[in-house]
file model.pdb (PDB, C-alpha atoms)
ATOM      1  CA  MET A   1     -72.519  44.437  21.823
ATOM      2  CA  TYR A   2     -72.499  40.976  23.367
ATOM      3  CA  ALA A   3     -74.990  38.767  25.175
ATOM      4  CA  THR A   4     -74.798  35.335  26.728
ATOM      5  CA  THR A   5     -77.255  32.576  25.882
ATOM      6  CA  GLY A   6     -80.096  32.561  28.438
ATOM      7  CA  GLN A   7     -79.576  36.067  29.802
ATOM      8  CA  THR A   8     -81.879  39.082  29.528
ATOM      9  CA  LYS A   9     -80.295  41.762  27.333
ATOM     10  CA  SER A  10     -81.184  45.462  27.312
ATOM     11  CA  MET A  11     -80.352  47.690  24.339
ATOM     12  CA  GLU A  12     -80.847  51.454  24.130
ATOM     13  CA  CYS A  13     -80.936  54.022  21.362
ATOM     14  CA  GLU A  14     -81.001  57.799  21.502
ATOM     15  CA  VAL A  15     -83.995  59.495  19.890
ATOM     16  CA  SER A  16     -83.459  63.244  19.868
ATOM     17  CA  GLY A  17     -84.698  66.189  17.852
ATOM     18  CA  LEU A  18     -88.168  64.780  17.209
ATOM     19  CA  SER A  19     -91.429  65.175  19.007
ATOM     20  CA  VAL A  20     -91.744  61.380  19.032
ATOM     21  CA  SER A  21     -95.165  59.816  18.579
ATOM     22  CA  SER A  22     -94.027  56.193  18.191
ATOM     23  CA  VAL A  23     -90.944  54.000  18.585
ATOM     24  CA  THR A  24     -90.665  50.548  17.044
ATOM     25  CA  TRP A  25     -87.880  47.983  16.895
ATOM     26  CA  SER A  26     -86.905  45.432  14.272
ATOM     27  CA  HIS A  27     -84.489  42.499  14.208
ATOM     28  CA  ASP A  28     -82.889  41.692  10.849
ATOM     29  CA  ASN A  29     -85.635  43.769   9.154
ATOM     30  CA  ASN A  30     -88.479  41.956  10.931
ATOM     31  CA  PHE A  31     -90.774  44.068  13.138
ATOM     32  CA  LEU A  32     -90.694  43.014  16.823
ATOM     33  CA  ASN A  33     -93.933  42.591  18.756
ATOM     34  CA  VAL A  34     -94.045  43.220  22.480
ATOM     35  CA  GLY A  35     -94.744  39.942  24.283
ATOM     36  CA  GLU A  36     -92.977  37.153  26.155
ATOM     37  CA  LYS A  37     -89.738  37.563  24.160
ATOM     38  CA  TYR A  38     -89.468  41.356  23.651
ATOM     39  CA  PHE A  39     -90.427  44.473  25.549
ATOM     40  CA  TYR A  40     -89.646  48.062  24.586
ATOM     41  CA  THR A  41     -90.225  51.501  26.013
ATOM     42  CA  TYR A  42     -89.586  55.138  25.184
ATOM     43  CA  ASN A  43     -88.736  57.805  27.780
ATOM     44  CA  PRO A  44     -89.397  61.313  26.349
ATOM     45  CA  SER A  45     -87.512  63.110  29.131
ATOM     46  CA  SER A  46     -84.252  61.214  28.459
ATOM     47  CA  GLU A  47     -84.948  60.878  24.721
ATOM     48  CA  ARG A  48     -83.979  57.190  24.964
ATOM     49  CA  ALA A  49     -85.736  54.068  23.733
ATOM     50  CA  GLU A  50     -85.000  50.682  25.298
ATOM     51  CA  LEU A  51     -85.470  47.161  23.960
ATOM     52  CA  ILE A  52     -85.343  44.200  26.337
ATOM     53  CA  VAL A  53     -84.752  40.718  24.907
ATOM     54  CA  TYR A  54     -85.666  37.925  27.331
ATOM     55  CA  ARG A  55     -83.949  34.510  27.358
ATOM     56  CA  VAL A  56     -81.403  35.301  24.639
ATOM     57  CA  THR A  57     -80.659  32.507  22.140
ATOM     58  CA  GLU A  58     -78.290  32.295  19.181
ATOM     59  CA  ALA A  59     -81.262  33.228  16.955
ATOM     60  CA  ASP A  60     -81.280  36.668  18.651
ATOM     61  CA  ALA A  61     -77.884  37.552  17.173
ATOM     62  CA  GLY A  62     -78.066  40.105  14.374
ATOM     63  CA  THR A  63     -78.937  43.691  13.556
ATOM     64  CA  TYR A  64     -81.517  45.616  15.579
ATOM     65  CA  GLU A  65     -83.010  48.885  14.420
ATOM     66  CA  CYS A  66     -84.787  51.419  16.599
ATOM     67  CA  LEU A  67     -87.166  53.580  14.539
ATOM     68  CA  ALA A  68     -88.717  56.756  15.965
ATOM     69  CA  GLU A  69     -91.412  58.696  14.147
ATOM     70  CA  ASN A  70     -93.346  61.899  14.853
ATOM     71  CA  THR A  71     -96.867  62.909  13.784
ATOM     72  CA  ALA A  72     -95.458  64.794  10.750
ATOM     73  CA  GLY A  73     -93.938  61.543   9.463
ATOM     74  CA  ASP A  74     -90.333  62.496  10.188
ATOM     75  CA  ARG A  75     -88.208  59.453  11.052
ATOM     76  CA  GLU A  76     -84.991  58.815  12.882
ATOM     77  CA  HIS A  77     -83.341  55.441  13.378
ATOM     78  CA  ASP A  78     -80.414  53.847  15.163
ATOM     79  CA  THR A  79     -78.809  50.477  14.412
ATOM     80  CA  LEU A  80     -77.263  48.086  16.943
ATOM     81  CA  VAL A  81     -75.557  44.744  16.327
ATOM     82  CA  LEU A  82     -75.907  41.953  18.896
ATOM     83  CA  GLN A  83     -73.509  39.017  19.050
ATOM     84  CA  VAL A  84     -74.550  36.024  21.150
ATOM     85  CA  GLU A  85     -71.870  33.951  22.842
ATOM     86  CA  ASP A  86     -71.961  30.941  25.143
ATOM     87  CA  LYS A  87     -69.982  30.557  28.310
ATOM     88  CA  LEU A  88     -67.078  28.228  27.664
ATOM     89  CA  ASP A  89     -66.253  25.002  29.477
ATOM     90  CA  VAL A  90     -62.784  23.430  29.374
ATOM     91  CA  THR A  91     -62.107  19.742  30.060
ATOM     92  CA  ILE A  92     -58.654  18.188  30.364
ATOM     93  CA  SER A  93     -57.395  14.841  31.692
ATOM     94  CA  THR A  94     -55.987  15.112  35.211
ATOM     95  CA  VAL A  95     -52.690  13.156  35.144
ATOM     96  CA  ALA A  96     -50.433  11.867  32.367
ATOM     97  CA  GLU A  97     -47.005  10.326  31.963
ATOM     98  CA  GLY A  98     -44.534  10.638  29.108
ATOM     99  CA  ILE A  99     -41.202   9.165  28.105
ATOM    100  CA  VAL A 100     -38.096  11.223  27.300
ATOM    101  CA  GLY A 101     -37.513  11.408  23.537
ATOM    102  CA  GLN A 102     -41.089  10.581  22.589
ATOM    103  CA  GLY A 103     -43.982  12.884  21.710
ATOM    104  CA  THR A 104     -47.230  13.227  23.616
ATOM    105  CA  THR A 105     -50.637  14.847  23.327
ATOM    106  CA  ILE A 106     -52.452  16.515  26.217
ATOM    107  CA  PRO A 107     -56.165  16.577  25.331
ATOM    108  CA  CYS A 108     -58.184  19.757  25.936
ATOM    109  CA  THR A 109     -61.856  19.839  24.944
ATOM    110  CA  ILE A 110     -63.723  23.159  24.847
ATOM    111  CA  THR A 111     -67.492  23.568  24.639
ATOM    112  CA  GLY A 112     -69.306  26.845  23.941
ATOM    113  CA  THR A 113     -69.009  29.380  21.137
ATOM    114  CA  PRO A 114     -67.211  31.240  19.869
ATOM    115  CA  ILE A 115     -63.717  30.312  21.005
ATOM    116  CA  ASN A 116     -61.690  33.496  20.482
ATOM    117  CA  THR A 117     -58.398  32.445  22.059
ATOM    118  CA  VAL A 118     -56.731  29.316  23.416
ATOM    119  CA  ARG A 119     -53.597  29.575  25.526
ATOM    120  CA  TRP A 120     -51.470  26.933  27.210
ATOM    121  CA  LEU A 121     -49.352  27.397  30.349
ATOM    122  CA  LEU A 122     -46.626  25.217  31.855
ATOM    123  CA  ASN A 123     -46.186  25.909  35.572
ATOM    124  CA  ASP A 124     -48.038  29.249  35.097
ATOM    125  CA  ILE A 125     -45.718  30.384  32.268
ATOM    126  CA  GLU A 126     -47.389  30.909  28.875
ATOM    127  CA  LEU A 127     -46.205  28.627  26.079
ATOM    128  CA  THR A 128     -45.603  29.835  22.537
ATOM    129  CA  LYS A 129     -46.617  27.942  19.415
ATOM    130  CA  SER A 130     -43.113  26.932  18.454
ATOM    131  CA  SER A 131     -41.162  23.689  18.589
ATOM    132  CA  PRO A 132     -41.747  21.493  20.478
ATOM    133  CA  TYR A 133     -45.297  22.842  21.196
ATOM    134  CA  SER A 134     -48.327  23.112  18.921
ATOM    135  CA  TRP A 135     -52.129  23.274  19.388
ATOM    136  CA  ASN A 136     -55.384  24.205  17.676
ATOM    137  CA  THR A 137     -57.673  27.077  18.616
ATOM    138  CA  ALA A 138     -60.870  25.086  18.179
ATOM    139  CA  SER A 139     -63.087  22.875  20.329
ATOM    140  CA  LYS A 140     -60.333  20.248  20.270
ATOM    141  CA  ALA A 141     -57.380  22.335  21.486
ATOM    142  CA  ASP A 142     -55.041  19.439  22.301
ATOM    143  CA  LEU A 143     -51.440  20.360  23.103
ATOM    144  CA  TYR A 144     -48.892  18.337  21.160
ATOM    145  CA  ILE A 145     -45.299  18.129  22.408
ATOM    146  CA  SER A 146     -43.114  16.676  19.648
ATOM    147  CA  VAL A 147     -40.110  15.502  21.734
ATOM    148  CA  LEU A 148     -40.304  15.239  25.524
ATOM    149  CA  THR A 149     -37.493  16.126  27.926
ATOM    150  CA  ILE A 150     -37.462  16.039  31.720
ATOM    151  CA  GLU A 151     -38.069  19.831  31.638
ATOM    152  CA  HIS A 152     -41.525  19.187  30.175
ATOM    153  CA  SER A 153     -42.696  17.731  33.497
ATOM    154  CA  GLY A 154     -45.078  20.021  35.359
ATOM    155  CA  ARG A 155     -48.584  21.456  35.554
ATOM    156  CA  TYR A 156     -50.195  22.235  32.180
ATOM    157  CA  THR A 157     -53.169  24.602  31.976
ATOM    158  CA  CYS A 158     -55.461  25.035  28.964
ATOM    159  CA  ILE A 159     -57.241  28.435  28.914
ATOM    160  CA  ALA A 160     -60.068  29.266  26.488
ATOM    161  CA  SER A 161     -61.638  32.728  26.208
ATOM    162  CA  ASN A 162     -64.360  34.654  24.428
ATOM    163  CA  HIS A 163     -66.073  37.975  25.203
ATOM    164  CA  VAL A 164     -68.269  36.525  27.956
ATOM    165  CA  SER A 165     -66.026  34.042  29.749
ATOM    166  CA  SER A 166     -62.548  32.716  30.284
ATOM    167  CA  GLN A 167     -62.267  29.149  31.556
ATOM    168  CA  LYS A 168     -59.317  26.912  32.337
ATOM    169  CA  ALA A 169     -58.434  23.365  33.334
ATOM    170  CA  SER A 170     -55.121  21.953  34.520
ATOM    171  CA  MET A 171     -53.323  18.617  34.667
ATOM    172  CA  ASP A 172     -49.940  17.271  35.713
ATOM    173  CA  LEU A 173     -47.474  15.639  33.303
ATOM    174  CA  THR A 174     -44.609  13.528  34.567
ATOM    175  CA  VAL A 175     -41.799  12.775  32.099
ATOM    176  CA  LYS A 176     -39.563   9.763  32.859
TER     177      LYS A 176
END
call {"tool": "encode", "arguments": {"input": "model.pdb", "output": "structure tokens"}}
result
Amino acid sequence: MYATTGQTKSMECEVSGLSVSSVTWSHDNNFLNVGEKYFYTYNPSSERAELIVYRVTEADAGTYECLAENTAGDREHDTLVLQVEDKLDVTISTVAEGIVGQGTTIPCTITGTPINTVRWLLNDIELTKSSPYSWNTASKADLYISVLTIEHSGRYTCIASNHVSSQKASMDLTVK
């Protein structure tokens, strides 16, 4: 399951077959106390326990365990894994010029984590990583065009995606 930095995240586990007397939660094997950061409840009629994590940070990523126990000491647990991702931001220069026969680089800077995919478009048509195009799938996802032709003129769009956002920025390249 995924959460975005700063959001409030709710996680649930099913607790069935026990006459539950207590439910506790842990994060990476550390018991969680109810307070400003965490709140949890148990609803006997739905047999569901809920954990709420307020103001999610990267430190909240990891394994959560819901542990239910009855008065006889019988236990049941459920494990959930939380991945924390930031919203991405994409920055690209707005206008560039190139010369036929030369190479050029179109800078694209991406902030936020993780960056799962980077795609480039020319006039809304997706480019493939083959000659004359190449780029990285990291925070510096600059597009390199090895040899420019007039056909390389147009609107270039850099698109970065992860599980919580997809962002893009565009610029125009004129080849002379």
call {"tool": "closest_residue", "arguments": {"input": "model.pdb", "among": "A:Val23, A:Ile52, A:Tyr64, A:Asn136", "to": "Lys37 in chain A", "atoms": "all atoms listed in the file"}}
result
A:Ile52
call {"tool": "resolve_selection", "arguments": {"input": "model.pdb", "expression": "the PyMOL selection byres ((chain A and resi 67) around 6)", "output": "ChimeraX atom specification"}}
result
/A:23-24,66,68,76-77
call {"tool": "residues_around", "arguments": {"input": "model.pdb", "residues": "Gly103 in chain A", "least_positions_apart": "5", "cutoff": "10 Å", "atoms": "only C-alpha atoms", "output": "ChimeraX atom specification"}}
result
/A:98,132,144-149
call {"tool": "write_last_selection", "arguments": {"input": "model.pdb", "atoms": "C-alpha atoms", "output": "PDB file, in the frame of the given file"}}
result
ATOM      1  CA  GLY A  98     -44.534  10.638  29.108  1.00  0.00           C
ATOM      2  CA  PRO A 132     -41.747  21.493  20.478  1.00  0.00           C
ATOM      3  CA  TYR A 144     -48.892  18.337  21.160  1.00  0.00           C
ATOM      4  CA  ILE A 145     -45.299  18.129  22.408  1.00  0.00           C
ATOM      5  CA  SER A 146     -43.114  16.676  19.648  1.00  0.00           C
ATOM      6  CA  VAL A 147     -40.110  15.502  21.734  1.00  0.00           C
ATOM      7  CA  LEU A 148     -40.304  15.239  25.524  1.00  0.00           C
ATOM      8  CA  THR A 149     -37.493  16.126  27.926  1.00  0.00           C
TER       9      THR A 149
END
call {"tool": "residues_near_point", "arguments": {"input": "model.pdb", "point": "(-63.4, 28.8, 31.0)", "cutoff": "8 Å", "atoms": "all atoms listed in the file", "output": "list in words"}}
result
Lys87, Leu88, Asp89, Val90, Ile159, Ala160, Ser161, Ser165, Ser166, Gln167, Lys168 and Ala169 of chain A
call {"tool": "residues_near_point", "arguments": {"input": "model.pdb", "point": "(-56.7, 22.8, 26.7)", "cutoff": "7 Å", "atoms": "only C-alpha atoms", "output": "PyMOL selection string"}}
result
chain A and resi 90+92+107-109+120+141-143+157-159+169
call {"tool": "residues_around", "arguments": {"input": "model.pdb", "residues": "Pro114 in chain A", "least_positions_apart": "2", "cutoff": "7 Å", "atoms": "all atoms listed in the file", "output": "JSON, numbers by chain"}}
result
{"A": [85, 112, 116, 162]}
call {"tool": "axis_aligned_box", "arguments": {"input": "model.pdb", "around": "range 165-170 of chain A", "padding_each_side": "4 Å", "output": "lines of an AutoDock Vina configuration file"}}
result
center_x = -60.6
center_y = 28.0
center_z = 32.1
size_x = 18.9
size_y = 20.1
size_z = 12.8
call {"tool": "atom_distance", "arguments": {"input": "model.pdb", "atom1": "CA of Val34 in chain A", "atom2": "CA of Glu50 in chain A"}}
result
12.1 Å
call {"tool": "atom_distance", "arguments": {"input": "model.pdb", "atom1": "CA of Tyr2 in chain A", "atom2": "CA of His163 in chain A"}}
result
7.3 Å
call {"tool": "residues_around", "arguments": {"input": "model.pdb", "residues": "Leu51 in chain A", "least_positions_apart": "6", "cutoff": "7 Å", "atoms": "only C-alpha atoms", "output": "list in words"}}
result
Ser10, Met11, Glu12, Phe39, Tyr40 and Thr41 of chain A
call {"tool": "resolve_selection", "arguments": {"input": "model.pdb", "expression": "the PyMOL selection byres ((chain A and resi 150) around 7)", "output": "PyMOL selection string"}}
result
chain A and resi 100+148-149+151-153+175-176
call {"tool": "closest_residue", "arguments": {"input": "model.pdb", "among": "A:Tyr156, A:Thr71, A:Asn123, A:Glu65", "to": "Phe31 in chain A", "atoms": "only C-alpha atoms"}}
result
A:Glu65
call {"tool": "closest_residue", "arguments": {"input": "model.pdb", "among": "A:Gly101, A:Ala96, A:Ser139, A:Val84", "to": "Val118 in chain A", "atoms": "all atoms listed in the file"}}
result
A:Ser139
call {"tool": "atom_distance", "arguments": {"input": "model.pdb", "atom1": "CA of Thr137 in chain A", "atom2": "CA of Ser93 in chain A"}}
result
17.9 Å
call {"tool": "closest_residue", "arguments": {"input": "model.pdb", "among": "A:Ile115, A:Val20, A:Met1, A:Met171", "to": "Thr63 in chain A", "atoms": "only C-alpha atoms"}}
result
A:Met1
call {"tool": "build_atoms", "arguments": {"input": "model.pdb", "residues": "range 134-157 of chain A", "atoms": "N, CA, C and O atoms", "output": "mmCIF file, in the coordinates of the input"}}
result
data_model
loop_
_atom_site.group_PDB
_atom_site.id
_atom_site.type_symbol
_atom_site.label_atom_id
_atom_site.label_comp_id
_atom_site.auth_asym_id
_atom_site.auth_seq_id
_atom_site.Cartn_x
_atom_site.Cartn_y
_atom_site.Cartn_z
ATOM 1 N N SER A 134 -47.344 22.660 19.893
ATOM 2 C CA SER A 134 -48.327 23.112 18.921
ATOM 3 C C SER A 134 -49.722 22.744 19.427
ATOM 4 O O SER A 134 -49.879 21.796 20.203
ATOM 5 N N TRP A 135 -50.749 23.549 19.014
ATOM 6 C CA TRP A 135 -52.129 23.274 19.388
ATOM 7 C C TRP A 135 -53.070 24.009 18.459
ATOM 8 O O TRP A 135 -52.674 24.928 17.748
ATOM 9 N N ASN A 136 -54.334 23.569 18.471
ATOM 10 C CA ASN A 136 -55.384 24.205 17.676
ATOM 11 C C ASN A 136 -56.128 25.215 18.529
ATOM 12 O O ASN A 136 -56.095 25.136 19.761
ATOM 13 N N THR A 137 -56.818 26.133 17.890
ATOM 14 C CA THR A 137 -57.673 27.077 18.616
ATOM 15 C C THR A 137 -59.125 26.775 18.265
ATOM 16 O O THR A 137 -59.865 27.632 17.834
ATOM 17 N N ALA A 138 -59.505 25.528 18.454
ATOM 18 C CA ALA A 138 -60.870 25.086 18.179
ATOM 19 C C ALA A 138 -61.364 24.279 19.377
ATOM 20 O O ALA A 138 -60.716 24.249 20.417
ATOM 21 N N SER A 139 -62.503 23.618 19.213
ATOM 22 C CA SER A 139 -63.087 22.875 20.329
ATOM 23 C C SER A 139 -62.198 21.724 20.783
ATOM 24 O O SER A 139 -62.301 21.261 21.906
ATOM 25 N N LYS A 140 -61.315 21.279 19.914
ATOM 26 C CA LYS A 140 -60.333 20.248 20.270
ATOM 27 C C LYS A 140 -58.977 20.935 20.272
ATOM 28 O O LYS A 140 -58.293 20.991 19.256
ATOM 29 N N ALA A 141 -58.594 21.516 21.398
ATOM 30 C CA ALA A 141 -57.380 22.335 21.486
ATOM 31 C C ALA A 141 -56.234 21.557 22.123
ATOM 32 O O ALA A 141 -55.502 22.054 22.967
ATOM 33 N N ASP A 142 -56.070 20.297 21.718
ATOM 34 C CA ASP A 142 -55.041 19.439 22.301
ATOM 35 C C ASP A 142 -53.650 20.041 22.115
ATOM 36 O O ASP A 142 -53.335 20.586 21.049
ATOM 37 N N LEU A 143 -52.835 19.913 23.159
ATOM 38 C CA LEU A 143 -51.440 20.360 23.103
ATOM 39 C C LEU A 143 -50.589 19.180 22.666
ATOM 40 O O LEU A 143 -50.658 18.100 23.262
ATOM 41 N N TYR A 144 -49.793 19.378 21.621
ATOM 42 C CA TYR A 144 -48.892 18.337 21.160
ATOM 43 C C TYR A 144 -47.466 18.775 21.458
ATOM 44 O O TYR A 144 -47.055 19.891 21.113
ATOM 45 N N ILE A 145 -46.721 17.883 22.124
ATOM 46 C CA ILE A 145 -45.299 18.129 22.408
ATOM 47 C C ILE A 145 -44.528 17.105 21.583
ATOM 48 O O ILE A 145 -44.662 15.893 21.794
ATOM 49 N N SER A 146 -43.734 17.581 20.623
ATOM 50 C CA SER A 146 -43.114 16.676 19.648
ATOM 51 C C SER A 146 -42.035 15.775 20.244
ATOM 52 O O SER A 146 -41.968 14.598 19.911
ATOM 53 N N VAL A 147 -41.169 16.298 21.119
ATOM 54 C CA VAL A 147 -40.110 15.502 21.734
ATOM 55 C C VAL A 147 -40.013 15.908 23.203
ATOM 56 O O VAL A 147 -39.680 17.048 23.521
ATOM 57 N N LEU A 148 -40.305 14.953 24.086
ATOM 58 C CA LEU A 148 -40.304 15.239 25.524
ATOM 59 C C LEU A 148 -38.897 15.213 26.120
ATOM 60 O O LEU A 148 -38.062 14.383 25.737
ATOM 61 N N THR A 149 -38.677 16.137 27.070
ATOM 62 C CA THR A 149 -37.493 16.126 27.926
ATOM 63 C C THR A 149 -37.985 16.181 29.367
ATOM 64 O O THR A 149 -39.164 16.437 29.614
ATOM 65 N N ILE A 150 -37.091 15.972 30.297
ATOM 66 C CA ILE A 150 -37.462 16.039 31.720
ATOM 67 C C ILE A 150 -38.062 17.406 32.054
ATOM 68 O O ILE A 150 -38.974 17.514 32.870
ATOM 69 N N GLU A 151 -37.587 18.472 31.381
ATOM 70 C CA GLU A 151 -38.069 19.831 31.638
ATOM 71 C C GLU A 151 -39.545 20.027 31.273
ATOM 72 O O GLU A 151 -40.153 21.024 31.650
ATOM 73 N N HIS A 152 -40.105 19.091 30.531
ATOM 74 C CA HIS A 152 -41.525 19.187 30.175
ATOM 75 C C HIS A 152 -42.444 18.690 31.283
ATOM 76 O O HIS A 152 -43.663 18.794 31.172
ATOM 77 N N SER A 153 -41.884 18.142 32.344
ATOM 78 C CA SER A 153 -42.696 17.731 33.497
ATOM 79 C C SER A 153 -43.264 18.978 34.162
ATOM 80 O O SER A 153 -42.599 20.016 34.231
ATOM 81 N N GLY A 154 -44.486 18.888 34.641
ATOM 82 C CA GLY A 154 -45.078 20.021 35.359
ATOM 83 C C GLY A 154 -46.574 20.096 35.183
ATOM 84 O O GLY A 154 -47.220 19.181 34.672
ATOM 85 N N ARG A 155 -47.133 21.225 35.602
ATOM 86 C CA ARG A 155 -48.584 21.456 35.554
ATOM 87 C C ARG A 155 -48.930 22.235 34.287
ATOM 88 O O ARG A 155 -48.485 23.361 34.103
ATOM 89 N N TYR A 156 -49.749 21.623 33.428
ATOM 90 C CA TYR A 156 -50.195 22.235 32.180
ATOM 91 C C TYR A 156 -51.615 22.763 32.368
ATOM 92 O O TYR A 156 -52.467 22.089 32.944
ATOM 93 N N THR A 157 -51.857 23.968 31.873
ATOM 94 C CA THR A 157 -53.169 24.602 31.976
ATOM 95 C C THR A 157 -53.613 25.037 30.586
ATOM 96 O O THR A 157 -52.874 25.727 29.880
#
